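Next comes target03.txt, with compact mmCIF, C-alpha atoms.
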# COMPACT_ATOMS: atom_id res chain seq x y z
CA PRO A 1303 0.00 0.00 0.00
CA GLY A 1304 1.08 3.59 -0.37
CA ARG A 1305 0.11 7.13 -1.10
CA ALA A 1306 -0.34 6.66 -4.83
CA THR A 1307 -3.51 8.01 -6.45
CA LYS A 1308 -4.40 4.52 -7.68
CA PRO A 1309 -4.01 1.85 -4.97
CA PRO A 1310 -3.23 -1.76 -5.76
CA CYS A 1311 -6.37 -3.80 -6.40
CA CYS A 1312 -5.50 -6.66 -4.07
CA LEU A 1313 -2.82 -7.48 -1.55
CA THR A 1314 -2.06 -10.91 -0.09
CA PHE A 1315 -0.33 -11.27 3.27
CA ALA A 1316 1.29 -14.71 3.39
CA ALA A 1317 3.89 -16.33 5.60
CA GLU A 1318 7.11 -17.66 4.17
CA GLY A 1319 7.18 -21.43 4.44
CA ALA A 1320 5.83 -22.78 7.71
CA GLY A 1321 6.99 -19.85 9.80
CA CYS A 1322 5.06 -16.84 11.04
CA GLY A 1323 4.87 -13.82 8.78
CA SER A 1324 4.32 -10.29 10.07
CA THR A 1325 3.43 -7.21 8.03
CA VAL A 1326 3.88 -3.89 9.82
CA VAL A 1327 1.99 -0.80 8.64
CA PRO A 1328 3.98 2.24 9.86
CA ARG A 1329 2.69 5.62 10.98
CA GLY A 1330 0.78 7.47 8.25
CA LYS A 1331 -2.30 6.96 6.08
CA TRP A 1332 -2.02 4.12 3.57
CA PHE A 1333 -4.62 3.45 0.88
CA THR A 1334 -5.22 0.04 -0.65
CA GLY A 1335 -7.82 -2.17 -2.25
CA ALA A 1336 -8.89 -5.58 -0.98
CA VAL A 1337 -6.51 -7.48 1.31
CA ARG A 1338 -6.34 -11.28 1.61
CA PHE A 1339 -4.85 -13.18 4.53
CA LYS A 1340 -3.12 -16.55 4.55
CA SER A 1341 -2.36 -18.75 7.57
CA HIS A 1342 0.29 -17.89 10.16
CA CYS A 1343 0.24 -14.16 9.46
CA GLU A 1344 -0.05 -11.01 11.52
CA LEU A 1345 -1.06 -7.60 10.24
CA HIS A 1346 0.28 -5.08 12.75
CA LEU A 1347 -0.74 -1.44 12.56
CA ALA A 1348 1.75 0.71 14.41
CA GLU A 1349 0.74 3.68 16.50
CA GLY A 1350 -0.49 6.44 14.19
CA ALA A 1351 -0.98 4.05 11.26
CA VAL A 1352 -4.23 4.15 9.25
CA LEU A 1353 -4.95 1.47 6.65
CA GLN A 1354 -7.70 3.05 4.56
CA ALA A 1355 -9.97 1.26 2.11
CA SER A 1356 -10.17 2.49 -1.45
CA ALA A 1357 -13.08 4.63 -2.64
CA ASP A 1358 -13.16 2.76 -5.97
CA HIS A 1359 -15.46 -0.28 -6.29
CA ASP A 1360 -13.06 -1.83 -8.79
CA ASP A 1361 -10.33 -2.11 -6.17
CA TYR A 1362 -12.30 -4.71 -4.22
CA ASN A 1363 -12.72 -8.47 -4.62
CA ALA A 1364 -15.05 -10.14 -7.11
CA LEU A 1365 -18.43 -11.14 -5.70
CA ASN A 1366 -17.48 -14.83 -6.01
CA ALA A 1367 -14.34 -14.34 -3.89
CA TYR A 1368 -15.33 -17.40 -1.85
CA PRO A 1369 -18.25 -19.81 -2.28
CA GLU A 1370 -20.25 -18.64 0.76
CA ASN A 1371 -19.98 -14.94 -0.03
CA TRP A 1372 -23.21 -12.95 -0.07
CA GLY A 1373 -24.68 -9.47 0.05
CA CYS A 1374 -27.98 -7.70 0.56
CA PRO A 1375 -28.40 -5.67 -2.64
CA THR A 1376 -32.15 -5.07 -2.85
CA THR A 1377 -33.13 -3.97 0.65
CA GLU A 1378 -29.95 -2.70 2.33
CA TYR A 1379 -27.86 -1.82 -0.74
CA TRP A 1380 -24.57 -3.59 0.03
CA ASP A 1381 -22.82 -6.41 -1.78
CA GLY A 1382 -20.11 -9.04 -1.27
CA ARG A 1383 -17.10 -6.75 -1.60
CA HIS A 1384 -14.85 -6.63 1.45
CA PHE A 1385 -11.71 -4.84 2.55
CA ILE A 1386 -9.97 -7.68 4.41
CA ILE A 1387 -10.79 -11.34 3.70
CA CYS A 1388 -9.49 -14.36 5.57
CA TYR A 1389 -11.03 -17.60 4.26
CA ARG A 1390 -10.29 -21.10 5.60
CA GLN A 1391 -7.03 -20.07 7.26
CA SER A 1392 -5.58 -20.52 10.75
CA ASN A 1393 -3.37 -18.68 13.23
CA VAL A 1394 -4.08 -15.18 11.98
CA SER A 1395 -3.75 -11.88 13.88
CA ILE A 1396 -4.68 -8.25 13.33
CA THR A 1397 -3.17 -6.01 15.98
CA GLY A 1398 -2.95 -2.30 16.75
CA PRO A 1399 -2.68 0.31 18.14
CA GLY A 1400 -3.26 1.66 14.63
CA GLU A 1401 -6.62 1.66 12.85
CA ILE A 1402 -8.50 0.42 9.81
CA ASN A 1403 -10.67 3.01 8.09
CA GLY A 1404 -13.43 1.72 5.81
CA ASN A 1405 -13.86 5.04 3.97
CA GLY A 1406 -17.61 4.65 4.46
CA GLU A 1407 -18.39 8.29 3.93
CA VAL A 1408 -17.79 8.00 0.17
CA PHE A 1409 -20.38 5.21 -0.10
CA PHE A 1410 -23.24 6.46 2.10
CA ASP A 1411 -26.11 8.78 1.30
CA PRO A 1412 -25.09 12.37 2.09
CA GLU A 1413 -28.11 12.83 4.39
CA PRO A 1414 -30.15 10.37 6.43
CA ILE A 1415 -33.67 9.38 5.45
CA ARG A 1416 -35.81 10.65 8.28
CA TYR A 1417 -37.67 7.42 9.05
CA LEU A 1418 -37.94 3.97 7.58
CA GLU A 1419 -41.22 3.21 5.87
CA GLY A 1420 -43.88 2.32 8.41
CA MET A 1421 -41.87 3.40 11.43
CA LYS A 1422 -43.17 6.00 13.84
CA PRO A 1423 -41.15 8.97 15.09
CA ASP A 1424 -40.89 7.35 18.52
CA ALA A 1425 -39.58 4.05 17.13
CA CYS A 1426 -36.85 2.31 19.11
CA ALA A 1427 -34.34 2.35 16.25
CA TRP A 1428 -33.20 5.01 13.79
CA TRP A 1429 -35.03 7.80 15.58
CA ASN A 1430 -32.77 10.33 13.83
CA GLY A 1431 -32.99 8.65 10.43
CA ILE A 1432 -30.81 6.22 8.51
CA ARG A 1433 -28.32 6.39 5.63
CA TRP A 1434 -28.12 3.76 2.87
CA ALA A 1435 -25.86 3.57 -0.18
CA LYS A 1436 -25.32 6.72 -2.18
CA ASP A 1437 -25.26 4.67 -5.41
CA LYS A 1438 -28.24 2.29 -5.42
CA LYS A 1439 -26.90 0.43 -8.48
CA ARG A 1440 -23.23 -0.07 -7.61
CA LEU A 1441 -24.21 -0.28 -3.92
CA ARG A 1442 -21.60 -0.11 -1.15
CA PRO A 1443 -19.04 -2.69 0.00
CA GLY A 1444 -20.22 -5.23 2.53
CA GLN A 1445 -18.57 -6.40 5.76
CA LEU A 1446 -15.22 -4.67 6.19
CA VAL A 1447 -13.10 -7.35 7.91
CA VAL A 1448 -14.23 -10.92 7.25
CA PHE A 1449 -13.08 -14.22 8.77
CA VAL A 1450 -14.87 -17.29 7.34
CA PHE A 1451 -14.15 -20.92 8.34
CA CYS A 1452 -10.99 -19.87 10.19
CA ARG A 1453 -9.32 -21.09 13.39
CA ASP A 1454 -7.16 -19.43 16.03
CA ILE A 1455 -7.92 -15.78 15.34
CA ASN A 1456 -6.48 -12.94 17.38
CA VAL A 1457 -7.79 -9.37 17.06
CA ARG A 1458 -6.15 -7.14 19.64
CA ASN A 1459 -5.81 -3.43 20.39
CA LEU A 1460 -7.44 -2.55 17.07
CA THR A 1461 -9.69 0.35 16.03
CA ILE A 1462 -12.07 0.22 13.07
CA ARG A 1463 -13.67 3.44 11.81
CA ASN A 1464 -16.13 4.47 9.12
CA SER A 1465 -17.09 1.05 7.87
CA PRO A 1466 -19.57 0.98 4.96
CA CYS A 1467 -21.22 -2.11 6.50
CA TRP A 1468 -20.52 -4.51 9.40
CA CYS A 1469 -17.13 -3.74 10.94
CA LEU A 1470 -15.91 -7.19 12.00
CA PHE A 1471 -17.59 -10.39 10.76
CA LEU A 1472 -16.71 -13.83 12.14
CA ALA A 1473 -18.45 -16.74 10.41
CA ALA A 1474 -17.99 -20.45 11.22
CA CYS A 1475 -14.77 -19.74 13.10
CA GLU A 1476 -13.25 -21.48 16.15
CA ASN A 1477 -10.98 -20.26 18.92
CA VAL A 1478 -11.40 -16.52 18.52
CA SER A 1479 -10.00 -13.78 20.77
CA VAL A 1480 -11.08 -10.15 20.35
CA PHE A 1481 -9.49 -7.99 23.06
CA ASP A 1482 -9.23 -4.20 23.40
CA TYR A 1483 -11.27 -3.62 20.24
CA THR A 1484 -12.84 -0.28 19.27
CA ALA A 1485 -15.39 0.44 16.51
CA ARG A 1486 -16.67 3.87 15.47
CA CYS A 1487 -19.27 4.57 12.78
CA GLY A 1488 -21.86 7.30 12.28
CA MET A 1489 -25.01 6.94 14.36
CA ASN A 1490 -27.18 7.15 11.21
CA ASP A 1491 -25.15 4.68 9.16
CA GLY A 1492 -27.20 1.58 8.40
CA ASN A 1493 -25.82 -1.95 8.83
CA THR A 1494 -22.63 -0.77 10.55
CA ASP A 1495 -22.65 -3.50 13.21
CA GLY A 1496 -19.67 -3.42 15.55
CA ILE A 1497 -19.06 -7.18 15.64
CA ASP A 1498 -21.07 -10.10 14.21
CA ILE A 1499 -20.46 -13.62 15.52
CA ASP A 1500 -22.13 -16.21 13.29
CA CYS A 1501 -21.98 -19.98 13.85
CA CYS A 1502 -18.71 -19.63 15.78
CA ARG A 1503 -17.37 -21.73 18.67
CA HIS A 1504 -15.11 -20.80 21.57
CA VAL A 1505 -15.15 -17.01 21.24
CA ARG A 1506 -13.71 -14.61 23.82
CA VAL A 1507 -14.45 -10.89 23.55
CA GLU A 1508 -13.16 -8.54 26.24
CA ASN A 1509 -12.70 -4.83 26.84
CA ILE A 1510 -14.45 -3.53 23.75
CA ASP A 1511 -15.69 -0.02 23.01
CA ILE A 1512 -18.28 0.19 20.22
CA ASP A 1513 -20.30 3.21 19.05
CA VAL A 1514 -22.06 2.49 15.75
CA GLY A 1515 -25.24 3.10 13.79
CA ASP A 1516 -26.53 -0.47 13.77
CA ASP A 1517 -26.28 -3.40 16.19
CA ALA A 1518 -23.30 -3.10 18.50
CA VAL A 1519 -23.00 -6.89 18.94
CA ALA A 1520 -24.86 -9.50 16.89
CA ILE A 1521 -24.81 -13.23 17.61
CA ARG A 1522 -26.21 -15.26 14.74
CA ALA A 1523 -26.81 -18.83 13.53
CA SER A 1524 -26.97 -18.57 9.74
CA GLY A 1525 -25.51 -21.95 8.85
CA HIS A 1526 -27.71 -22.18 5.76
CA ARG A 1527 -25.72 -19.28 4.25
CA LEU A 1528 -22.52 -21.15 5.01
CA GLY A 1529 -23.61 -24.38 3.35
CA ASP A 1530 -24.13 -26.32 6.59
CA PRO A 1531 -27.44 -25.88 8.44
CA ASP A 1532 -26.11 -27.95 11.37
CA LEU A 1533 -23.50 -25.37 12.36
CA VAL A 1534 -23.97 -24.13 15.95
CA CYS A 1535 -22.97 -20.84 17.55
CA GLU A 1536 -21.79 -21.74 21.04
CA ASP A 1537 -19.43 -20.97 23.91
CA VAL A 1538 -19.32 -17.19 23.45
CA ARG A 1539 -18.06 -15.02 26.33
CA ILE A 1540 -18.28 -11.23 26.23
CA ARG A 1541 -17.17 -9.08 29.15
CA LYS A 1542 -16.17 -5.49 29.93
CA ALA A 1543 -17.92 -3.66 27.11
CA ARG A 1544 -18.92 -0.04 26.45
CA LEU A 1545 -21.58 -0.11 23.76
CA SER A 1546 -23.72 2.41 21.88
CA SER A 1547 -26.10 1.62 19.03
CA THR A 1548 -28.94 3.32 17.18
CA SER A 1549 -30.54 -0.10 16.72
CA SER A 1550 -30.06 -3.07 19.10
CA VAL A 1551 -27.17 -3.04 21.55
CA PHE A 1552 -27.28 -6.85 21.43
CA ARG A 1553 -29.08 -8.72 18.67
CA ILE A 1554 -29.27 -12.46 19.22
CA GLY A 1555 -30.91 -14.55 16.52
CA VAL A 1556 -31.01 -14.38 12.70
CA GLY A 1557 -30.80 -17.60 10.74
CA GLN A 1558 -32.16 -21.12 11.12
CA GLY A 1559 -29.73 -22.80 13.50
CA THR A 1560 -28.88 -22.94 17.21
CA ILE A 1561 -27.26 -20.49 19.62
CA ARG A 1562 -26.28 -21.76 23.05
CA ASN A 1563 -24.00 -21.11 26.00
CA VAL A 1564 -23.53 -17.35 25.73
CA THR A 1565 -22.43 -15.20 28.67
CA VAL A 1566 -22.35 -11.39 28.65
CA GLU A 1567 -20.96 -9.53 31.68
CA ASP A 1568 -20.18 -5.98 32.76
CA VAL A 1569 -21.68 -3.90 29.96
CA VAL A 1570 -22.34 -0.18 30.04
CA CYS A 1571 -24.62 1.21 27.34
CA GLY A 1572 -24.27 4.83 26.24
CA ARG A 1573 -27.06 4.82 23.63
CA GLY A 1574 -29.44 2.15 22.45
CA GLY A 1575 -32.61 1.51 20.51
CA THR A 1576 -33.40 -1.84 22.13
CA ALA A 1577 -30.93 -3.13 24.72
CA VAL A 1578 -31.36 -6.84 23.95
CA THR A 1579 -33.28 -8.14 20.93
CA MET A 1580 -33.53 -11.91 21.21
CA ALA A 1581 -35.75 -12.75 18.25
CA ALA A 1582 -35.76 -16.24 16.81
CA CYS A 1583 -37.16 -15.42 13.41
CA TYR A 1584 -36.53 -12.59 10.97
CA GLY A 1585 -38.29 -12.51 7.64
CA ASP A 1586 -40.18 -15.62 6.49
CA PRO A 1587 -42.09 -17.14 9.47
CA LYS A 1588 -42.40 -20.45 7.60
CA LYS A 1589 -38.72 -21.10 8.22
CA SER A 1590 -37.43 -22.72 11.37
CA GLY A 1591 -35.90 -19.68 13.04
CA VAL A 1592 -33.10 -19.84 15.62
CA ASP A 1593 -33.30 -22.04 18.70
CA MET A 1594 -31.56 -20.49 21.72
CA GLU A 1595 -30.66 -21.77 25.17
CA ASP A 1596 -28.47 -20.98 28.16
CA ILE A 1597 -27.86 -17.28 27.63
CA VAL A 1598 -26.87 -15.08 30.59
CA PHE A 1599 -26.56 -11.29 30.90
CA ARG A 1600 -24.91 -10.26 34.15
CA ARG A 1601 -24.17 -6.81 35.64
CA CYS A 1602 -25.25 -4.83 32.58
CA ASP A 1603 -26.42 -1.20 32.61
CA PHE A 1604 -28.84 -0.69 29.72
CA SER A 1605 -30.68 2.23 31.33
CA CYS A 1606 -29.90 4.54 28.39
CA SER A 1607 -31.74 2.34 25.88
CA ARG A 1608 -35.13 3.34 24.55
CA TYR A 1609 -36.48 -0.19 25.01
CA GLY A 1610 -35.37 -2.85 27.45
CA TYR A 1611 -35.47 -6.40 26.10
CA LYS A 1612 -37.48 -8.45 23.63
CA VAL A 1613 -37.41 -12.23 23.90
CA ARG A 1614 -39.56 -13.64 21.11
CA THR A 1615 -39.78 -17.07 19.53
CA GLY A 1616 -40.84 -17.36 15.90
CA GLY A 1617 -40.85 -19.71 12.94
CA VAL A 1618 -43.31 -22.58 12.64
CA LYS A 1619 -40.58 -25.22 12.35
CA MET A 1620 -38.51 -24.45 15.43
CA THR A 1621 -36.98 -27.41 17.24
CA PHE A 1622 -37.25 -26.24 20.85
CA GLY A 1623 -37.62 -22.44 20.90
CA ILE A 1624 -35.94 -20.22 23.50
CA ARG A 1625 -35.16 -21.48 26.99
CA ARG A 1626 -33.04 -20.79 30.06
CA ILE A 1627 -32.43 -17.06 29.62
CA THR A 1628 -31.16 -15.08 32.62
CA PHE A 1629 -30.82 -11.34 33.23
CA GLU A 1630 -28.88 -11.02 36.48
CA ARG A 1631 -28.39 -7.62 38.11
CA CYS A 1632 -29.19 -5.78 34.87
CA ASP A 1633 -30.66 -2.28 34.72
CA PHE A 1634 -33.07 -1.69 31.82
CA GLY A 1635 -34.30 1.67 33.05
CA THR A 1636 -37.91 2.47 32.19
CA GLY A 1637 -37.81 0.85 28.72
CA GLY A 1638 -40.37 -1.75 27.71
CA LYS A 1639 -39.97 -5.47 28.14
CA PHE A 1640 -41.52 -8.27 26.09
CA VAL A 1641 -41.43 -12.06 26.37
CA GLY A 1642 -43.66 -14.03 24.03
CA ALA A 1643 -44.18 -15.97 20.83
CA ALA A 1644 -44.67 -14.85 17.26
CA PRO A 1645 -47.98 -15.86 15.64
CA GLY A 1646 -48.02 -19.51 14.60
CA CYS A 1647 -44.92 -20.48 16.56
CA PRO A 1648 -45.40 -23.70 18.56
CA PHE A 1649 -43.16 -22.51 21.40
CA VAL A 1650 -43.13 -19.71 23.95
CA PRO A 1651 -39.91 -18.68 25.72
CA GLU A 1652 -39.22 -20.91 28.74
CA ASP A 1653 -37.51 -20.04 31.99
CA VAL A 1654 -36.71 -16.37 31.35
CA ARG A 1655 -35.42 -15.25 34.74
CA ILE A 1656 -34.81 -11.77 36.14
CA VAL A 1657 -32.40 -11.93 39.08
CA GLN A 1658 -31.76 -8.75 41.10

Would you write the structure of this file as structure tokens?
Amino acid sequence: PGRATKPPCCLTFAAEGAGCGSTVVPRGKWFTGAVRFKSHCELHLAEGAVLQASADHDDYNALNAYPENWGCPTTEYWDGRHFIICYRQSNVSITGPGEINGNGEVFFDPEPIRYLEGMKPDACAWWNGIRWAKDKKRLRPGQLVVFVFCRDINVRNLTIRNSPCWCLFLAACENVSVFDYTARCGMNDGNTDGIDIDCCRHVRVENIDIDVGDDAVAIRASGHRLGDPDLVCEDVRIRKARLSSTSSVFRIGVGQGTIRNVTVEDVVCGRGGTAVTMAACYGDPKKSGVDMEDIVFRRCDFSCSRYGYKVRTGGVKMTFGIRRITFERCDFGTGGKFVGAAPGCPFVPEDVRIVQ
């Protein structure tokens, strides 16, 4: 990468032989197109270093960059282009204290749309409006940093800013550590999730600071998108978090699989639409939805959220629904609270406990 007017279209960071390779980005702003990772590599951004994504669509990957790639072109206006891709690799690290800048401002609408169609001015999310893609035909790039079917991932002391879509996406990964991670996107910028954890196992997230326009943390089970509907999202631990979102601070659900054994501790919320959205079915209710069990929130201050929590089953083909959910010493302020089933769902949430 460099300061040239036309950045390289694609970089590959690869280790030499079987050893560990390290690429250091020095102080300064460095523009580049798509970046690919190979196993046993570290991308280290030194203090004062900014690795900035190109503003040119042609500098990104092809939409078939990997078989499970996808986008959301018709409703959210983003596609399968990414800035950093790590696919089926192991022992990979991205470390700071430098930052990755997604250059999102060049892709978003200049002004937010006041309200989504059908939403009221007092809606829980997007109360100040939302921004989509400036170019509705060429869209905007999708998830900024993507790990898919990877093992032994280390993200540490890293800042991501101005992503055009989700900041950090982990899909079907195992043994993941995300420590001292910061994400910053505009409060009106749609789909700028701070971190999405989808069908992953053994994930540790600690000391994170996220202030974004969409979900701060999303935990998903979309195995059907990854070619394996039996994939499970499990053993996820999140602690010591400062989170702000114009949508859901935590969104748990999305997909047609299973989420289990999730613990969230010591969260402080600065801004939120809904503190915890635990919805088993999004979109077509004829699908199975996400089954969820053994999820604990402990010592969390969500008092600044507009709505408290929503725990809702859904999908007529669910296996067991939602069960064993605990909110222990959590402050939801005066926001609303809902526990129930979507129409036609054979299950209602079981054993949802509030422990003071």

| Among the residues A:Arg1600, A:Arg1506, A:Arg1631, A:His1526, the one that comes closest to Thr1560 in chain A [using only C-alpha atoms] |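 Checking each of A:Arg1600, A:Arg1506, A:Arg1631, A:His1526 against Thr1560 in chain A, counting only C-alpha atoms, the winner is A:His1526.
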
| field | Ref. answer, residues at most 10 Å from (-35.2, 5.1, 24.1) with only C-alpha atoms, as a ChimeraX atom specification | value | /A:1424-1427,1429,1548,1573-1577,1605-1610,1635-1638

Can I get the selected residues back with C-alpha atoms, as a PDB file, in the coordinates of the input?
ATOM      1  CA  ASP A1424     -40.890   7.350  18.520  1.00  0.00           C
ATOM      2  CA  ALA A1425     -39.580   4.050  17.130  1.00  0.00           C
ATOM      3  CA  CYS A1426     -36.850   2.310  19.110  1.00  0.00           C
ATOM      4  CA  ALA A1427     -34.340   2.350  16.250  1.00  0.00           C
ATOM      5  CA  TRP A1429     -35.030   7.800  15.580  1.00  0.00           C
ATOM      6  CA  THR A1548     -28.940   3.320  17.180  1.00  0.00           C
ATOM      7  CA  ARG A1573     -27.060   4.820  23.630  1.00  0.00           C
ATOM      8  CA  GLY A1574     -29.440   2.150  22.450  1.00  0.00           C
ATOM      9  CA  GLY A1575     -32.610   1.510  20.510  1.00  0.00           C
ATOM     10  CA  THR A1576     -33.400  -1.840  22.130  1.00  0.00           C
ATOM     11  CA  ALA A1577     -30.930  -3.130  24.720  1.00  0.00           C
ATOM     12  CA  SER A1605     -30.680   2.230  31.330  1.00  0.00           C
ATOM     13  CA  CYS A1606     -29.900   4.540  28.390  1.00  0.00           C
ATOM     14  CA  SER A1607     -31.740   2.340  25.880  1.00  0.00           C
ATOM     15  CA  ARG A1608     -35.130   3.340  24.550  1.00  0.00           C
ATOM     16  CA  TYR A1609     -36.480  -0.190  25.010  1.00  0.00           C
ATOM     17  CA  GLY A1610     -35.370  -2.850  27.450  1.00  0.00           C
ATOM     18  CA  GLY A1635     -34.300   1.670  33.050  1.00  0.00           C
ATOM     19  CA  THR A1636     -37.910   2.470  32.190  1.00  0.00           C
ATOM     20  CA  GLY A1637     -37.810   0.850  28.720  1.00  0.00           C
ATOM     21  CA  GLY A1638     -40.370  -1.750  27.710  1.00  0.00           C
TER      22      GLY A1638
END

| Within 7 Å of (2.1, 5.4, 17.0), only C-alpha atoms: residues as a list of chain:residue names? | A:Arg1329, A:Ala1348, A:Glu1349, A:Gly1350, A:Ala1351, A:Gly1400

| Of the residues A:Asp1381, A:Asp1603, A:Glu1401, A:Ala1643, which is the one nearest to Gly1330 in chain A, using only C-alpha atoms? | A:Glu1401

| query | Which neighbours of Ile1432 in chain A fall inside 10 Å, counting all atoms listed in the file, when residues of the same chain fewer than 2 positions from it are skipped, and could you give them as a list in words? | reply | Phe1410, Asp1411, Glu1413, Pro1414, Ile1415, Arg1416, Tyr1417, Leu1418, Ala1427, Trp1428, Trp1429, Asn1430, Trp1434, Gly1488, Met1489, Asn1490, Asp1491, Gly1492, Asn1493, Gly1515, Asp1516 and Thr1548 of chain A

| request: Can you pull out every residue within 9 Å of Asn1405 in chain A, counting all atoms listed in the file, but drop anything in the same chain fewer than 2 positions away, and send it as a PyMOL selection string? | output: chain A and resi 1354-1357+1403+1407-1409+1463-1466

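CA of Glu1595 in chain A lies 25.5 Å from CA of Trp1468 in chain A.
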
| query | Of the candidates A:Val1514, A:Cys1571, A:Ala1520, A:Ala1336, which one gets nearest to Asp1361 in chain A if we count all atoms listed in the file? | reply |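 The shortest atom-to-atom distance to Asp1361 in chain A comes from A:Ala1336.
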
| Which residue out of A:Cys1487, A:Val1534, A:Ile1497, A:Cys1374 has the minimum interatomic distance to Ala1474 in chain A when only C-alpha atoms are used? | A:Val1534

| said: Give me, as a list in words, all polymer residues having an atom no more than 8 Å from Asp1454 in chain A, counting all atoms listed in the file and skipping those fewer than 5 positions away in the same chain. | reply: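 The contact residues come out as Ser1392, Asn1393, Val1394, Glu1476, Asn1477, Val1478 and Ser1479 of chain A.
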
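When all atoms listed in the file are used to measure the gap to Ser1341 in chain A, the shortest distance among A:Gly1591, A:Ser1395, A:Ala1367, A:Gly1382 belongs to A:Ser1395.
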
| query | Pick from A:Met1620, A:Val1566, A:Ile1554, A:Met1594: nearest to Val1505 in chain A, with all atoms listed in the file counted? | reply |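 Smallest distance to Val1505 in chain A is found for A:Val1566.
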